[in-house]
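A quick write-up on the structure given underneath.
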Amino acid sequence: METKTKIIFFVITVGSVSMFTAVVTDHWAVLSPQVENVNTTCEAAHFGLWRLCKKHIYIDEDKLIGKSCGPINSPGEINCSYFRHFTPGEHSEIFEVKTQREYNISAAAIAIFSLAFIILGTLCVLGSLRKGKVYLYKPAGMFFAFAGLCAIISVEVMRQSVKRMIESEDTIWIEYYYSWSFACACTGFVLLFLCGIGLLLISMPQIPRNPWETCMDAEPEQM
């Protein structure tokens with residue numbers, strides 16, 4: 001196997017791990033309300049595709065009034081719960097309404113499609129390595145490219161979800177930023193899409209350097 005193919009497979013592995021990490025973790029976005037009083041707690045939150053984690057952070061300094069609650073890694077009691085549309089029967093919270101339920105479901109479903117394409121691409125790569133069938137690089141490249149496209153679509157859907165929630169008048173959170181799970185999904189998109197295209201290019205038949213090579217290699221016609 002050529003060196004460039006090994007490099008592409010290594011980068012695809014990194015991209016796949018990044019996307020899987022983004023799907024299973026809960027740090028896509030961090031949300032913060034404005035601090036209004038001291039000697040009390042404020043409620044910051046971070047969430048992913050599947051659940052929301054709220055942290056009650058104690059405020060004891062006057063200089064924090066008017067600023068956002070946090071940082072999220074400050075000590076405090078944390079409580080995580082899965083979104084209601086994934087765990088039917090739980091009490092509905094305002095977060096689920098204002099982030100647009102259909103947005104969260106769509107982002108999660110598209111991310112699962114991305115993982116499915118990664119698995120299919122990996123199976124094609126393993127089949128090509130085991131049986132020496134280089135032509136399997138072509139479907140593998142397509143699957144990885146599709147996985148990258150699904151990743152960026154999921155990222156955009158989640159971004160729109162956060163934007164619509166922050167713009168709502170009913171939400172307590174006024175500030176937000178995207179965290180490391182979001183960065184992992186973006187990294188997965190770049191690596192998977194580019195390496196998928198690279199794998200497709202490798203699988204394409206090489207153009208002969210000399211146009212006469214094709215004619216010279218052709219079998220003579222039978223009279």
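Each chain in the structure tokens gets a letter, A, B, ..., in the order shown, and its residues are numbered from 1; ligands are numbered from 1 in order too.
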### Task
List the neighbours of Leu52 (chain A) out to 7 Å using only C-alpha atoms; skip same-chain residues closer than 6 positions along the sequence, and give me the result as a list in words.
His46, Cys80, Ser81, Tyr82 and Phe83 of chain A
### Message
I need the residues in region 19-209 of chain A that are alpha helix (DSSP H) according to DSSP; give them as a VMD selection string.
### Response
chain A and resid 19 to 24 94 to 98 101 to 131 137 to 166 180 to 203
### Query
What lies within 10 Å of Ala140 (chain A) using only C-alpha atoms, ignoring chain neighbours under 4 positions off, as a list in words?
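Final neighbour list, sorted by chain and number: Phe117, Ile118, Ile119, Leu120, Gly121, Thr122, Leu123, Cys124, Val125, Leu126, Gly127, Ser128, Tyr135, Leu136, Phe144, Ala145, Phe146, Gly196, Ile197, Leu199, Leu200 and Ser203 of chain A.
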### Query
Restricting the calculation to only C-alpha atoms, which member of A:Ile105, A:Ile166, A:Ile59, A:Cys150 is positioned closest to Val30 (chain A)?
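Closest to Val30 (chain A), using only C-alpha atoms: A:Ile166.
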Just the residues within 9 Å of Ala109 (chain A), please, counting only C-alpha atoms, with nothing from its chain fewer than 5 positions along; format it as a CSV table (one decimal) with N, CA and C atoms, in the first residue's frame.
```csv
chain,number,residue,atom,x,y,z
A,104,ASN,N,-33.5,19.9,17.1
A,104,ASN,CA,-32.6,18.9,17.8
A,104,ASN,C,-32.8,17.5,17.2
A,114,SER,N,-24.2,10.3,9.6
A,114,SER,CA,-22.8,10.5,9.4
A,114,SER,C,-22.0,9.3,10.0
A,154,SER,N,-25.3,18.7,10.2
A,154,SER,CA,-25.7,18.6,11.6
A,154,SER,C,-25.2,19.8,12.4
```
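You can rank A:Ala107, A:Val38, A:Cys184, A:Val17 by their closest distance to Val157 (chain A) using only C-alpha atoms, and at the top of that list sits A:Ala107.
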